[in-house]
Amino acid sequence: MIRLIDNFDLTTYNSFNLKVNTDRFFEFTEVEELQFFLQTEKLPEKYLVLGGGSNLLFQNNFEGLLIHPNLQGVGEINEDRNYIYLEAGCGVEWDDLVRLSVQYELSGLENLSLIPGNVGAAPVQNIGAYGVEAKDRIHLVRGVNLESNEVVEFTNEECKFGYRNSIFKNELKNKVVVTSVVFKLDKFPEFNLEYGALKSEVDKLGEVNTSNVRQTVISIRESKLPDPAKVGNAGSFFKNPIVSNDFANRLKTTFKDLPVYASSEEQTKLAAGWLIEKCGWKGFREGDVGVHPNQALVIVNYGNAKGEQLVHLSTQIKNSVFEKFGVQLDTEVNII
Ligand SMILES: Cc1cc2nc3c(=O)[nH]c(=O)nc-3n(C[C@H](O)[C@H](O)[C@H](O)COP(=O)(O)OP(=O)(O)OC[C@H]3O[C@@H](n4cnc5c(N)ncnc54)[C@H](O)[C@@H]3O)c2cc1C
């Protein structure tokens, strides 16, 4: 089914709950509908693919076309000794897929429970949480190339995944609409419980199984992160910065309690939330714009904030972190 609407209100299509609209909104539920649209209409200069809108910040109304792919359905497409291969439509809510996989006792996605958004964005963003990234489980990504109007496929390697990064954010930015994703899930689970207090919390529930890991991740997330339905936000606003080991060691001599995590042999990951908190931003509020009181990485809209006010606050935060620590923060949220 196609929906093509002018002056479309995006308030419920962005998790910051910003009151913005788009000149044109195009939703489709079948690959052929997108291909038909591309055959009959010329793409305007300005267009953007919109999933669930939980990682986008619209600075103003969007003067262009928003393409909203909404293919539904999850199905098993293959099986071998150790794995089941599930294909999910890009419009499926991410957490519905995780819930379903856990229900069928398939393992691999449980640490990624309760991440907002749709399946189509998971490979774009290479979403991650609690020591697991989508790339660990993505087998194949299917889509449509908006320039050639051809159906395309990408193996895991071809997606060039990185930390919250992929080919779809770089060479193929805005060139491919992801229409479905094939995930490779374990029949015989090997749990990843190394992150923080995950293991001890799961142990409290008794048996270590996919369902208990999911339940634990959900409880931890609910206690830490604001629900966008109540307070507009897009999760972590900034990525955790990755710096050289030398630089991290030098910082640590001045800031003894700086948390550091090995990223590779030569590089160290710093906690952006800690850096922001040390600059005094945690709990900051000015009008309807603020930094969440429990989570310094999360910038929030308390009601009627404007996109550009949120961007202004993010710039102030970046500047102060750079002044204090010499560390450049990169935004995780896509600013439009
Ligand atoms: C409370 C909260 C907690 C969060 N926690 C986490 C977390 O733990 N880990 C994490 O990684 N993220 C987290 N996020 C961020 C967000 O959930 C993810 O980035 C998610 O993948 C965004 O999905 P979406 O469908 O809403 O994408 P959107 O916000 O709509 O789009 C994100 C980007 O992907 C592109 N895109 C979307 N769909 C497609 C498609 N089908 N084809 C091509 N391009 C597409 C868009 O153009 C845009 O560039 C959190 C967000 C919130 C609000």
# chains A, B, ... in the order shown; residues from 1 in each chain; ligands from 1

$ select_by_dssp --residues "range 134-227 of chain A" --states "strand (DSSP E)" --output "PyMOL selection string"
chain A and resi 138-145+151-155+176-186

$ residues_near_ligand --ligand "ligand 1" --cutoff "6 Å" --atoms "only C-alpha atoms and all ligand atoms" --output "PyMOL selection string"
chain A and resi 15+48-56+69+90+115-118+120-122+124-125+127-129+176-179+225-228+233-235+334

$ closest_residue --among "A:Ala272, A:Leu57, A:Leu258, A:Glu87" --to "Arg142 in chain A" --atoms "only C-alpha atoms"
A:Glu87

$ select_by_dssp --residues "range 46-178 of chain A" --states "helix (DSSP H, G or I)" --output "PyMOL selection string"
chain A and resi 94-103+110-112+121-125+134-136+157-159+167-169

$ residues_around --residues "Arg137 in chain A" --least-positions-apart "3" --cutoff "9 Å" --atoms "only C-alpha atoms" --output "PyMOL selection string"
chain A and resi 108-109+133-134+156+182-185

$ closest_residue --among "A:Tyr130, A:Phe161, A:Phe168, A:Phe284" --to "Leu193 in chain A" --atoms "only C-alpha atoms"
A:Tyr130

$ closest_residue --among "A:Val300, A:Leu172, A:Leu71, A:Leu65" --to "Ala229 in chain A" --atoms "only C-alpha atoms"
A:Val300

$ closest_residue --among "A:Ala305, A:Val144, A:Val217, A:Val243" --to "Ser264 in chain A" --atoms "only C-alpha atoms"
A:Val243

$ residues_around --residues "Lys278 in chain A" --least-positions-apart "5" --cutoff "12 Å" --atoms "only C-alpha atoms" --output "PyMOL selection string"
chain A and resi 255+257-259+271-273+283+296-297+317+320-325

$ atom_distance --atom1 "CA of Asn165 in chain A" --atom2 "CA of Leu34 in chain A"
25.1 Å

$ residues_around --residues "range 28-31 of chain A" --least-positions-apart "6" --cutoff "9 Å" --atoms "only C-alpha atoms" --output "ChimeraX atom specification"
/A:1-4,67-72,91,143-144,151,179
